[in-house]
file input.cif (mmCIF, C-alpha atoms)
data_coords
#
loop_
_atom_site.label_atom_id
_atom_site.label_comp_id
_atom_site.auth_asym_id
_atom_site.auth_seq_id
_atom_site.Cartn_x
_atom_site.Cartn_y
_atom_site.Cartn_z
CA MET A 1061 0.00 0.00 0.00
CA ASN A 1062 2.82 2.42 0.91
CA PHE A 1063 4.47 1.68 -2.40
CA LEU A 1064 1.25 2.44 -4.23
CA LEU A 1065 0.73 5.68 -2.33
CA GLY A 1066 4.31 6.70 -3.04
CA PHE A 1067 3.82 5.99 -6.71
CA LEU A 1068 0.61 8.00 -6.86
CA TRP A 1069 2.18 10.87 -4.93
CA ALA A 1070 5.17 10.91 -7.30
CA ALA A 1071 2.83 10.91 -10.28
CA PHE A 1072 0.89 13.82 -8.75
CA ASP A 1073 4.12 15.75 -8.16
CA THR A 1074 5.22 15.14 -11.73
CA ARG A 1075 1.91 16.37 -13.13
CA ASN A 1076 2.04 19.36 -10.80
CA GLU A 1077 5.55 20.24 -11.93
CA GLN A 1078 4.58 19.93 -15.57
CA ASP A 1079 1.67 22.25 -14.90
CA VAL A 1080 3.96 24.81 -13.26
CA VAL A 1081 6.29 24.73 -16.26
CA CYS A 1082 3.40 25.18 -18.70
CA ARG A 1083 2.16 28.18 -16.74
CA LEU A 1084 5.70 29.61 -16.57
CA LYS A 1085 5.83 29.39 -20.35
CA ARG A 1086 2.63 31.46 -20.46
CA HIS A 1087 4.26 33.92 -18.04
CA GLU A 1088 1.55 33.49 -15.41
CA PRO A 1089 2.84 35.23 -12.27
CA GLN A 1090 1.19 32.67 -9.97
CA ALA A 1091 3.40 30.00 -11.54
CA MET A 1092 6.40 31.93 -10.25
CA ALA A 1093 4.86 31.83 -6.78
CA ASP A 1094 4.43 28.04 -7.01
CA LEU A 1095 7.95 27.62 -8.31
CA TYR A 1096 9.39 29.73 -5.52
CA ASP A 1097 7.40 27.84 -2.89
CA GLN A 1098 8.85 24.59 -4.18
CA TYR A 1099 12.46 25.59 -4.80
CA GLY A 1100 13.04 28.99 -3.18
CA LYS A 1101 14.55 27.71 0.04
CA LEU A 1102 16.84 25.25 -1.71
CA VAL A 1103 17.99 27.78 -4.30
CA PHE A 1104 18.69 30.38 -1.61
CA SER A 1105 20.55 27.77 0.46
CA VAL A 1106 22.77 26.71 -2.46
CA ILE A 1107 23.62 30.29 -3.34
CA PHE A 1108 24.19 31.28 0.29
CA ARG A 1109 26.52 28.28 0.73
CA ILE A 1110 28.60 29.59 -2.17
CA VAL A 1111 28.62 33.38 -1.69
CA LYS A 1112 28.21 33.40 2.15
CA GLU A 1113 26.50 36.82 2.14
CA GLY A 1114 22.77 37.09 2.76
CA GLY A 1115 22.18 40.24 0.71
CA VAL A 1116 24.10 38.94 -2.26
CA ALA A 1117 22.34 35.57 -1.98
CA GLU A 1118 18.97 37.35 -2.15
CA ASP A 1119 19.96 39.25 -5.30
CA LEU A 1120 21.29 36.12 -6.97
CA THR A 1121 18.23 34.08 -5.97
CA GLN A 1122 16.06 36.69 -7.66
CA GLU A 1123 18.30 36.60 -10.72
CA THR A 1124 18.02 32.79 -10.80
CA PHE A 1125 14.22 32.78 -10.77
CA LEU A 1126 14.05 35.53 -13.39
CA ARG A 1127 16.35 33.54 -15.63
CA ILE A 1128 14.08 30.49 -15.25
CA TRP A 1129 11.09 32.75 -15.99
CA ASN A 1130 12.71 34.10 -19.16
CA ARG A 1131 13.89 30.72 -20.46
CA ALA A 1132 11.05 28.42 -19.44
CA GLN A 1133 9.74 28.36 -23.00
CA PHE A 1134 12.77 26.28 -24.00
CA PHE A 1135 12.19 23.73 -21.25
CA ASP A 1136 10.63 20.40 -22.21
CA HIS A 1137 7.79 20.10 -19.70
CA GLU A 1138 7.25 16.42 -20.51
CA LYS A 1139 10.84 15.16 -20.40
CA GLY A 1140 12.66 17.90 -18.52
CA ALA A 1141 13.83 17.74 -14.92
CA LEU A 1142 13.07 21.13 -13.39
CA GLY A 1143 15.00 20.69 -10.12
CA PRO A 1144 18.39 19.88 -11.66
CA TRP A 1145 17.96 22.74 -14.13
CA ILE A 1146 17.15 25.31 -11.45
CA LEU A 1147 20.05 24.10 -9.31
CA ALA A 1148 22.47 24.44 -12.24
CA VAL A 1149 21.26 27.97 -12.94
CA ALA A 1150 21.52 28.91 -9.26
CA ARG A 1151 25.00 27.47 -8.85
CA ASN A 1152 26.23 29.18 -11.99
CA ARG A 1153 24.91 32.57 -10.88
CA ALA A 1154 26.72 32.21 -7.55
CA ILE A 1155 29.96 30.90 -9.07
CA ASP A 1156 29.97 33.72 -11.65
CA TYR A 1157 29.60 36.20 -8.80
CA LEU A 1158 32.47 34.61 -6.85
CA ARG A 1159 34.73 34.67 -9.89
CA SER A 1160 33.94 38.32 -10.51
CA VAL A 1161 34.56 39.33 -6.91
CA GLU A 1162 37.81 37.42 -6.71
CA GLY A 1163 38.95 38.64 -10.12
CA ARG A 1164 39.48 35.08 -11.22
CA LEU A 1165 38.04 35.73 -14.66
CA ALA A 1166 40.82 38.19 -15.41
CA GLN A 1167 43.50 35.89 -14.00
CA ARG A 1168 42.47 32.86 -16.01
CA THR A 1169 44.78 31.89 -18.79
CA THR A 1170 42.67 28.93 -19.90
CA ASP A 1171 39.14 29.11 -21.21
CA PHE A 1172 37.07 26.52 -19.35
CA GLY A 1173 33.84 27.25 -21.17
CA PRO A 1174 30.52 27.97 -19.46
CA ALA A 1175 28.84 25.54 -17.11
CA ARG A 1176 25.95 23.75 -18.78
CA GLU A 1177 22.56 25.19 -17.95
CA HIS A 1178 20.55 25.26 -21.17
CA PRO A 1179 17.09 23.74 -20.64
CA SER A 1180 17.71 21.22 -23.42
CA ASP A 1181 20.48 19.61 -21.34
CA PHE A 1182 18.08 18.63 -18.59
CA VAL A 1183 15.85 16.12 -20.37
CA ASN A 1184 15.33 12.48 -19.49
CA LEU A 1185 16.92 12.92 -16.08
CA GLU A 1186 15.35 11.43 -12.99
CA ARG A 1187 12.84 14.14 -12.18
CA ASP A 1188 12.95 13.88 -8.39
CA VAL A 1189 16.63 12.97 -8.20
CA ILE A 1190 17.28 15.56 -5.47
CA GLN A 1191 14.85 13.80 -3.12
CA SER A 1192 15.73 10.26 -4.17
CA ASP A 1193 17.40 7.43 -2.29
CA ARG A 1194 20.43 8.06 -4.45
CA ALA A 1195 20.73 11.55 -3.02
CA ARG A 1196 20.58 10.21 0.52
CA LEU A 1197 23.20 7.56 -0.23
CA LEU A 1198 25.44 10.08 -1.93
CA ARG A 1199 25.28 12.43 1.02
CA GLU A 1200 26.22 9.53 3.30
CA ALA A 1201 29.08 8.61 1.00
CA PHE A 1202 30.30 12.19 1.08
CA ALA A 1203 31.02 11.75 4.79
CA LYS A 1204 33.27 8.79 3.97
CA LEU A 1205 35.67 10.87 1.89
CA SER A 1206 39.06 11.81 3.25
CA PRO A 1207 39.49 15.49 4.23
CA ASN A 1208 41.42 16.27 1.02
CA GLN A 1209 38.92 14.43 -1.16
CA ARG A 1210 36.04 16.28 0.49
CA LEU A 1211 37.86 19.59 0.11
CA VAL A 1212 38.43 19.23 -3.63
CA ILE A 1213 34.81 18.26 -4.22
CA GLU A 1214 33.66 21.28 -2.23
CA MET A 1215 36.03 23.53 -4.16
CA ALA A 1216 34.63 22.21 -7.44
CA TYR A 1217 30.95 22.41 -6.58
CA TYR A 1218 30.83 25.39 -4.23
CA GLU A 1219 33.73 27.54 -5.42
CA GLY A 1220 33.91 26.68 -9.12
CA LEU A 1221 37.65 26.00 -9.05
CA SER A 1222 39.28 24.01 -11.82
CA GLN A 1223 41.78 21.32 -10.89
CA THR A 1224 44.64 23.66 -11.78
CA GLU A 1225 43.22 26.34 -9.50
CA MET A 1226 42.75 23.79 -6.72
CA ALA A 1227 46.39 22.74 -7.05
CA GLN A 1228 47.50 26.38 -6.80
CA ARG A 1229 45.24 27.03 -3.81
CA MET A 1230 46.36 23.87 -1.96
CA LYS A 1231 49.98 24.21 -3.08
CA GLN A 1232 49.91 20.60 -4.26
CA PRO A 1233 51.00 19.04 -7.58
CA LEU A 1234 48.26 19.00 -10.21
CA GLY A 1235 48.55 15.22 -10.49
CA THR A 1236 47.88 14.82 -6.77
CA VAL A 1237 44.80 16.99 -6.95
CA LYS A 1238 43.49 15.12 -9.99
CA THR A 1239 43.92 11.85 -8.09
CA TRP A 1240 41.93 13.21 -5.15
CA VAL A 1241 39.15 14.42 -7.46
CA ARG A 1242 39.04 11.16 -9.40
CA THR A 1243 39.04 9.01 -6.27
CA ALA A 1244 36.38 11.12 -4.58
CA LEU A 1245 34.06 11.01 -7.57
CA LYS A 1246 34.61 7.26 -7.90
CA ILE A 1247 33.69 6.65 -4.25
CA LEU A 1248 30.54 8.75 -4.63
CA ARG A 1249 29.62 7.04 -7.89
CA GLN A 1250 30.04 3.59 -6.39
CA GLU A 1251 27.43 4.45 -3.79
CA LEU A 1252 25.02 5.58 -6.51
CA ASP A 1253 25.62 2.48 -8.59
CA GLU A 1254 24.34 0.33 -5.75
CA VAL A 1255 20.84 1.67 -6.32
CA ALA A 1256 21.06 2.60 -10.00
CA PRO A 1257 22.64 -0.33 -11.84
CA VAL A 1258 23.53 0.39 -15.46
CA MET B 1111 38.77 7.51 -22.81
CA ASN B 1112 40.26 4.73 -20.76
CA SER B 1113 37.39 3.77 -18.59
CA ARG B 1114 33.82 4.42 -17.67
CA ASP B 1115 34.96 6.16 -14.47
CA GLU B 1116 37.28 8.50 -16.31
CA LEU B 1117 34.55 9.41 -18.76
CA SER B 1118 32.11 10.10 -15.94
CA ASP B 1119 34.70 12.27 -14.13
CA LEU B 1120 35.27 14.34 -17.23
CA LEU B 1121 31.56 14.73 -17.95
CA GLU B 1122 30.81 15.87 -14.40
CA LEU B 1123 33.60 18.47 -14.47
CA TYR B 1124 32.58 19.53 -17.99
CA ALA B 1125 28.98 20.05 -16.96
CA LEU B 1126 30.20 22.21 -14.07
CA GLY B 1127 32.25 24.34 -16.49
CA LEU B 1128 35.52 23.29 -14.85
CA LEU B 1129 37.19 21.15 -17.47
CA GLU B 1130 40.38 22.53 -18.99
CA GLU B 1131 41.89 21.98 -22.40
CA PRO B 1132 42.67 19.61 -24.03
CA GLU B 1133 40.19 17.43 -22.12
CA ARG B 1134 37.38 19.89 -22.71
CA SER B 1135 37.68 19.59 -26.48
CA ARG B 1136 37.79 15.80 -26.21
CA VAL B 1137 34.54 15.78 -24.26
CA GLU B 1138 32.86 18.13 -26.72
CA GLU B 1139 33.84 15.85 -29.57
CA LEU B 1140 32.45 12.85 -27.73
CA LEU B 1141 29.19 14.62 -26.98
CA GLN B 1142 28.78 15.25 -30.70
CA SER B 1143 28.70 11.48 -31.22
CA ALA B 1144 25.61 11.18 -28.98
CA SER B 1145 26.10 7.45 -28.51
CA PRO B 1146 23.64 5.75 -26.11
CA GLU B 1147 26.48 4.89 -23.72
CA LEU B 1148 27.72 8.46 -23.68
CA LEU B 1149 24.24 9.93 -23.23
CA ALA B 1150 23.69 7.60 -20.29
CA ARG B 1151 26.92 8.80 -18.65
CA TRP B 1152 26.01 12.42 -19.44
CA LYS B 1153 22.60 12.00 -17.80
CA GLU B 1154 24.24 10.44 -14.73
CA ALA B 1155 26.77 13.27 -14.57
CA LEU B 1156 24.03 15.93 -14.55
CA GLU B 1157 22.10 13.98 -11.90
CA THR B 1158 25.19 13.61 -9.71
CA ASN B 1159 25.91 17.31 -10.04
CA ALA B 1160 22.35 18.15 -9.06
CA ILE B 1161 22.51 15.90 -6.00
CA LEU B 1162 25.86 17.28 -4.85
CA THR B 1163 24.81 20.86 -5.50
CA ALA B 1164 21.69 20.30 -3.41
CA ALA B 1165 23.66 18.73 -0.53
CA VAL B 1166 23.89 21.98 1.40
CA PRO B 1167 22.56 22.98 4.83
CA LEU B 1168 19.14 24.50 4.30
CA VAL B 1169 18.88 28.19 5.16
CA GLU B 1170 15.56 29.98 5.46
CA PRO B 1171 15.45 32.95 3.08
CA PRO B 1172 13.94 36.20 4.39
CA PRO B 1173 10.15 36.33 3.83
CA SER B 1174 10.54 39.55 1.84
CA LEU B 1175 12.48 37.71 -0.86
CA ARG B 1176 9.39 35.86 -2.07
CA GLN B 1177 7.43 39.07 -2.50
CA ARG B 1178 10.38 40.76 -4.14
CA ILE B 1179 10.69 38.00 -6.74
CA LEU B 1180 6.96 37.87 -7.37
CA ALA B 1181 6.84 41.65 -7.69
CA SER B 1182 9.55 41.49 -10.30
CA VAL B 1183 7.22 39.47 -12.56
CA GLY B 1184 4.14 41.50 -11.75
CA ALA B 1185 2.41 39.03 -9.42
CA THR B 1186 -0.69 40.22 -7.57
CA GLN B 1187 0.06 41.70 -4.18
CA ARG B 1188 -1.46 40.70 -0.91
CA ALA B 1189 -3.03 43.36 1.28
CA VAL B 1190 -0.16 43.22 3.75
CA TRP B 1191 2.31 43.72 0.96
CA LYS B 1192 0.42 46.75 -0.23
CA TRP B 1193 1.22 48.44 3.08
CA ALA B 1194 4.84 47.40 2.76
CA TRP B 1195 4.81 48.67 -0.78
CA ALA B 1196 3.43 52.01 0.32
CA ALA B 1197 6.14 52.21 2.96
CA LEU B 1198 8.71 51.41 0.33
CA VAL B 1199 7.39 54.19 -1.89
CA ALA B 1200 7.57 56.62 1.02
CA ALA B 1201 11.09 55.46 1.83
CA SER B 1202 12.10 55.81 -1.80
CA LEU B 1203 10.68 59.33 -1.99
CA SER B 1204 12.54 60.20 1.21
CA LEU B 1205 15.68 58.88 -0.34
CA CYS B 1206 15.01 61.03 -3.40
CA VAL B 1207 14.77 64.13 -1.22
CA TYR B 1208 17.98 63.17 0.51
CA TRP B 1209 19.49 62.61 -2.85
CA GLY B 1210 18.51 66.04 -4.00
CA GLU B 1211 20.92 67.46 -1.46
CA GLN B 1212 23.65 65.06 -2.43
CA ALA B 1213 23.17 65.72 -6.12
CA ARG B 1214 23.54 69.49 -5.77
CA GLN B 1215 26.92 68.92 -4.14
CA ARG B 1216 28.07 66.55 -6.80
CA GLY B 1217 27.40 68.88 -9.68
CA GLN B 1218 25.30 69.30 -12.73
CA GLN B 1219 25.58 65.76 -14.03
CA LEU B 1220 24.18 64.06 -10.96
CA ALA B 1221 21.47 66.73 -10.70
CA ARG B 1222 20.25 65.72 -14.14
CA LEU B 1223 20.32 62.09 -13.08
CA ARG B 1224 18.21 62.87 -10.03
CA ALA B 1225 15.63 64.57 -12.19
CA ASP B 1226 15.56 61.53 -14.45
CA LEU B 1227 15.14 59.32 -11.44
CA GLU B 1228 12.31 61.33 -9.91
CA SER B 1229 10.54 61.30 -13.23
CA THR B 1230 10.99 57.58 -13.53
CA LEU B 1231 9.94 57.05 -9.91
CA ALA B 1232 6.57 58.65 -10.62
CA GLN B 1233 5.98 56.12 -13.38
CA ALA B 1234 7.18 53.28 -11.19
CA ALA B 1235 4.44 53.85 -8.63
CA ARG B 1236 2.26 51.71 -10.91
CA SER B 1237 4.68 48.88 -11.05
CA ASN B 1238 6.37 46.93 -8.32
CA ALA B 1239 8.91 45.66 -10.79
CA ASP B 1240 9.92 49.17 -11.70
CA LEU B 1241 9.98 50.13 -8.05
CA GLU B 1242 12.37 47.31 -7.27
CA GLN B 1243 14.63 48.48 -10.08
CA LEU B 1244 14.59 51.99 -8.72
CA ARG B 1245 15.47 50.83 -5.24
CA LYS B 1246 18.59 49.25 -6.68
CA LEU B 1247 19.27 52.29 -8.80
CA LEU B 1248 19.17 54.51 -5.74
CA GLY B 1249 21.80 52.28 -4.24
CA PHE B 1250 24.02 52.97 -7.22
CA LEU B 1251 23.46 56.70 -7.11
CA ASN B 1252 24.08 56.82 -3.39
CA ALA B 1253 27.47 55.13 -3.65
CA ALA B 1254 30.49 57.40 -3.82
CA GLU B 1255 32.38 54.98 -6.09
CA THR B 1256 29.70 55.06 -8.80
CA ARG B 1257 30.92 56.37 -12.16
CA VAL B 1258 28.49 57.70 -14.77
CA VAL B 1259 28.91 57.37 -18.51
CA SER B 1260 26.59 59.00 -21.05
CA PHE B 1261 25.98 57.46 -24.43
CA GLY B 1262 24.31 58.48 -27.64
CA PRO B 1263 23.82 62.21 -26.92
CA GLN B 1264 24.68 63.06 -30.52
CA GLN B 1265 22.25 60.51 -31.94
CA ARG B 1266 18.50 60.53 -32.01
CA MET B 1267 18.23 57.09 -30.45
CA PRO B 1268 18.96 55.38 -28.18
CA GLN B 1269 20.56 57.53 -25.51
CA GLY B 1270 21.03 57.48 -21.76
CA ARG B 1271 23.55 56.75 -19.07
CA VAL B 1272 25.43 53.80 -17.66
CA LEU B 1273 26.28 53.69 -13.97
CA LEU B 1274 29.31 51.59 -13.06
CA HIS B 1275 30.16 50.54 -9.55
CA PRO B 1276 33.10 48.19 -8.92
CA SER B 1277 31.31 45.96 -6.41
CA ARG B 1278 27.61 46.58 -7.17
CA GLY B 1279 27.72 46.14 -10.93
CA VAL B 1280 26.15 48.03 -13.81
CA ALA B 1281 22.93 50.01 -14.15
CA LEU B 1282 21.67 51.13 -17.54
CA ILE B 1283 19.15 53.96 -17.95
CA ALA B 1284 18.06 54.41 -21.54
CA SER B 1285 15.50 56.37 -23.50
CA ASN B 1286 14.50 56.46 -27.17
CA LEU B 1287 14.79 52.68 -27.08
CA PRO B 1288 11.61 51.29 -28.65
CA PRO B 1289 10.42 47.88 -27.42
CA ALA B 1290 12.19 45.04 -29.20
CA PRO B 1291 10.07 43.32 -31.88
CA ALA B 1292 8.00 40.23 -31.06
CA GLY B 1293 10.20 37.25 -30.27
CA ARG B 1294 13.22 39.49 -29.67
CA ILE B 1295 14.71 41.05 -26.56
CA TYR B 1296 17.51 43.38 -25.60
CA GLU B 1297 20.63 41.81 -24.12
CA MET B 1298 23.36 43.75 -22.31
CA TRP B 1299 27.01 42.73 -22.63
CA LEU B 1300 30.19 43.43 -20.69
CA LEU B 1301 33.05 43.94 -23.15
CA LYS B 1302 36.59 43.41 -21.95
CA LYS B 1303 39.70 42.24 -23.71
CA GLY B 1304 37.78 41.36 -26.84
CA GLN B 1305 35.31 39.15 -24.99
CA ALA B 1306 31.59 39.75 -24.56
CA VAL B 1307 30.07 38.43 -21.32
CA PRO B 1308 26.23 38.27 -21.14
CA ALA B 1309 24.85 40.73 -18.57
CA GLY B 1310 21.15 40.04 -18.65
CA LEU B 1311 18.05 40.44 -20.77
CA PHE B 1312 15.64 43.33 -20.61
CA GLN B 1313 12.76 44.93 -22.49
CA SER B 1314 12.01 48.62 -22.80
CA SER B 1315 8.61 50.06 -21.99
CA SER B 1316 6.18 51.42 -24.54
CA ASP B 1317 7.49 54.96 -24.05
CA GLY B 1318 10.96 53.85 -25.07
CA THR B 1319 12.54 53.97 -21.62
CA ALA B 1320 14.42 51.12 -19.98
CA ILE B 1321 16.27 50.42 -16.77
CA HIS B 1322 18.42 47.34 -16.56
CA ILE B 1323 20.60 46.43 -13.60
CA HIS B 1324 23.27 43.73 -13.55
CA LEU B 1325 24.32 43.01 -9.98
CA THR B 1326 27.73 41.51 -10.52
CA PRO B 1327 30.98 43.29 -9.64
CA VAL B 1328 32.69 44.76 -12.71
CA PRO B 1329 36.01 46.42 -13.43
CA LEU B 1330 35.54 50.13 -14.14
CA ASP B 1331 37.32 49.84 -17.48
CA VAL B 1332 34.67 47.49 -18.85
CA LYS B 1333 32.56 48.66 -21.79
CA ILE B 1334 28.82 48.14 -21.99
CA ALA B 1335 26.99 47.16 -25.16
CA VAL B 1336 23.37 46.33 -25.97
CA THR B 1337 22.17 44.13 -28.83
CA VAL B 1338 18.85 42.74 -30.00
CA GLU B 1339 18.71 38.96 -29.48
CA PRO B 1340 16.22 36.09 -29.65
CA GLU B 1341 13.83 36.05 -26.69
CA SER B 1342 15.81 33.41 -24.82
CA GLY B 1343 19.00 35.44 -25.03
CA SER B 1344 22.27 34.44 -26.63
CA PRO B 1345 25.60 33.25 -25.22
CA GLU B 1346 27.33 35.78 -27.47
CA PRO B 1347 26.15 38.79 -29.51
CA THR B 1348 24.41 37.90 -32.79
CA SER B 1349 23.69 41.43 -33.96
CA THR B 1350 25.44 44.79 -34.21
CA PRO B 1351 25.41 46.66 -30.88
CA LEU B 1352 22.92 49.52 -30.69
CA PHE B 1353 25.53 51.40 -28.68
CA ILE B 1354 28.73 50.87 -26.72
CA ALA B 1355 29.46 52.91 -23.61
CA GLY B 1356 32.45 53.00 -21.31
CA LEU B 1357 34.71 55.27 -19.28
#

call {"tool": "encode", "arguments": {"input": "input.cif", "output": "structure tokens"}}
result
Amino acid sequence: MNFLLGFLWAAFDTRNEQDVVCRLKRHEPQAMADLYDQYGKLVFSVIFRIVKEGGVAEDLTQETFLRIWNRAQFFDHEKGALGPWILAVARNRAIDYLRSVEGRLAQRTTDFGPAREHPSDFVNLERDVIQSDRARLLREAFAKLSPNQRLVIEMAYYEGLSQTEMAQRMKQPLGTVKTWVRTALKILRQELDEVAPV
Amino acid sequence: MNSRDELSDLLELYALGLLEEPERSRVEELLQSASPELLARWKEALETNAILTAAVPLVEPPPSLRQRILASVGATQRAVWKWAWAALVAASLSLCVYWGEQARQRGQQLARLRADLESTLAQAARSNADLEQLRKLLGFLNAAETRVVSFGPQQRMPQGRVLLHPSRGVALIASNLPPAPAGRIYEMWLLKKGQAVPAGLFQSSSDGTAIHIHLTPVPLDVKIAVTVEPESGSPEPTSTPLFIAGL
């Protein structure tokens, strides 16, 4: 019975999310309210974790939702995963801000290219991946990482540092940093594979 | 690629915008192939990134943020917000008065800006979105480090001013800028060292005025350009700039 209820609830959430996206495409203001009620806290939390300033986080959260509002028409409401898309947009806004403040854009000698956030990238993903068992397992696995492995993952996700920049920041050889990144991602992936065999 | 793990590593870093050359080019080539195996890894990479990005301590945003965002898209106000809105109007008008004093001391240029702002503020009373823009604009004008650049005075259209602040960002005030045609939108760009960085989309109002604010720190030697782009915006300019302004 619980399984059935969970299935029905997930189906309801999916339909609800599709409805929100359709209304966003029609630029219905109430759709923005529904979207904010569902993702506002998470988006603000992600941005605040990265920029660490409340006022800036508010501005960037607003910018994130306006970007979603302006680009919703390119989002596939049937196959798209709204949560991962919003999170990518939010992270990118915050990382762009960090890079500007720290002047890292001007210092960069290598072009890394933009982070991916076009709506067309976020199709056929698990729609509720953020709330899934995989997410819980991955968070548990994160605690198993060594301090250096955890640090490089945090620098990648929450500071937007490339491996070269990490090596400079940590005063470690690039090869060492790459090993930490690779090992950390492998440990995390192994946990996910236990519930998502391919 | 040597292994499935290596491919997944590269895809995750690529999706985050952190992959350096030559690996970045290798991944882009692989993505062109769109093989089922690769697409499966790509999907997993985006999911992993979403999960890790979301693995943050939850922080409650201030209640005012919701109203601020909804106001920016013209959502209907609640009664309580109407009072807050009225208070905000009063506060903004008070700031304008205060600014009148400041502007006189700063000279003729800022005095003209203040007049523009007061005029625009009167129009913004009908729009929360405009009011929010003006609140930010006041912040620019009130900051000692703000630099003002005029553009297009010798042309019939468009013309206006750009306000640059090293830590706040860029504010554009334009007039004689007719609304972009259907399916098109204005996009602002930051030009530096031959590169154009997107700085947000905006639309002008029916009277040809526009205010656009980009809240990201900028170097003062950056130049500002505006182009007409498809409604979703573009990663780089696809049309000739309507104007370029800079110190």

call {"tool": "interface_residues", "arguments": {"input": "input.cif", "of": "chain B", "to": "chain A", "cutoff": "8 Å", "atoms": "all atoms listed in the file", "output": "ChimeraX atom specification"}}
result
/B:1115-1116,1119,1124-1131,1134,1153-1154,1156-1157,1159-1171,1175-1176,1178-1180,1183-1186,1277,1325-1328,1341-1342

call {"tool": "atom_distance", "arguments": {"input": "input.cif", "atom1": "CA of Glu1346 in chain B", "atom2": "CA of His1324 in chain B"}}
result
16.5 Å

call {"tool": "atom_distance", "arguments": {"input": "input.cif", "atom1": "CA of Leu1273 in chain B", "atom2": "CA of Ser1202 in chain B"}}
result
18.8 Å

call {"tool": "resolve_selection", "arguments": {"input": "input.cif", "expression": "the PyMOL selection byres ((chain B and resi 1300) around 8)", "output": "short mmCIF file (atom, residue, chain, number, x, y, z; two decimals) with C-alpha atoms, in the frame of the given file"}}
result
data_model
loop_
_atom_site.label_atom_id
_atom_site.label_comp_id
_atom_site.auth_asym_id
_atom_site.auth_seq_id
_atom_site.Cartn_x
_atom_site.Cartn_y
_atom_site.Cartn_z
CA MET B 1298 23.36 43.75 -22.31
CA TRP B 1299 27.01 42.73 -22.63
CA LEU B 1301 33.05 43.94 -23.15
CA LYS B 1302 36.59 43.41 -21.95
CA GLN B 1305 35.31 39.15 -24.99
CA ALA B 1306 31.59 39.75 -24.56
CA VAL B 1307 30.07 38.43 -21.32
CA PRO B 1308 26.23 38.27 -21.14
CA ALA B 1309 24.85 40.73 -18.57
CA VAL B 1332 34.67 47.49 -18.85
CA LYS B 1333 32.56 48.66 -21.79
CA ILE B 1334 28.82 48.14 -21.99
CA ALA B 1335 26.99 47.16 -25.16
#

call {"tool": "resolve_selection", "arguments": {"input": "input.cif", "expression": "the PyMOL selection byres ((chain A and resi 1082) around 10)", "output": "PyMOL selection string"}}
result
chain A and resi 1076-1081+1083-1088+1091+1132-1133+1135-1138

call {"tool": "atom_distance", "arguments": {"input": "input.cif", "atom1": "CA of Ile1128 in chain A", "atom2": "CA of Ile1354 in chain B"}}
result
27.6 Å

call {"tool": "resolve_selection", "arguments": {"input": "input.cif", "expression": "the PyMOL selection byres ((chain A and resi 1236) around 12)", "output": "short mmCIF file (atom, residue, chain, number, x, y, z; two decimals) with C-alpha atoms, in the coordinates of the input"}}
result
data_model
loop_
_atom_site.label_atom_id
_atom_site.label_comp_id
_atom_site.auth_asym_id
_atom_site.auth_seq_id
_atom_site.Cartn_x
_atom_site.Cartn_y
_atom_site.Cartn_z
CA ASN A 1208 41.42 16.27 1.02
CA GLN A 1209 38.92 14.43 -1.16
CA VAL A 1212 38.43 19.23 -3.63
CA GLN A 1223 41.78 21.32 -10.89
CA THR A 1224 44.64 23.66 -11.78
CA MET A 1226 42.75 23.79 -6.72
CA ALA A 1227 46.39 22.74 -7.05
CA GLN A 1228 47.50 26.38 -6.80
CA MET A 1230 46.36 23.87 -1.96
CA LYS A 1231 49.98 24.21 -3.08
CA GLN A 1232 49.91 20.60 -4.26
CA PRO A 1233 51.00 19.04 -7.58
CA LEU A 1234 48.26 19.00 -10.21
CA GLY A 1235 48.55 15.22 -10.49
CA VAL A 1237 44.80 16.99 -6.95
CA LYS A 1238 43.49 15.12 -9.99
CA THR A 1239 43.92 11.85 -8.09
CA TRP A 1240 41.93 13.21 -5.15
CA VAL A 1241 39.15 14.42 -7.46
CA ARG A 1242 39.04 11.16 -9.40
CA THR A 1243 39.04 9.01 -6.27
#

call {"tool": "closest_residue", "arguments": {"input": "input.cif", "among": "B:Thr1158, B:Ser1260, B:Asn1252, B:Ser1316", "to": "His1275 in chain B", "atoms": "only C-alpha atoms"}}
result
B:Asn1252

call {"tool": "closest_residue", "arguments": {"input": "input.cif", "among": "B:Leu1247, B:Leu1357, B:Leu1203, B:Leu1117", "to": "Glu1138 in chain B", "atoms": "all atoms listed in the file"}}
result
B:Leu1117

call {"tool": "closest_residue", "arguments": {"input": "input.cif", "among": "A:Asp1094, A:Glu1251, A:Glu1113, A:Glu1219", "to": "Leu1205 in chain A", "atoms": "all atoms listed in the file"}}
result
A:Glu1251

call {"tool": "residues_around", "arguments": {"input": "input.cif", "residues": "Gly1318 in chain B", "least_positions_apart": "6", "cutoff": "8 Å", "atoms": "all atoms listed in the file", "output": "MDAnalysis selection string"}}
result
chainID B and resid 1284:1289
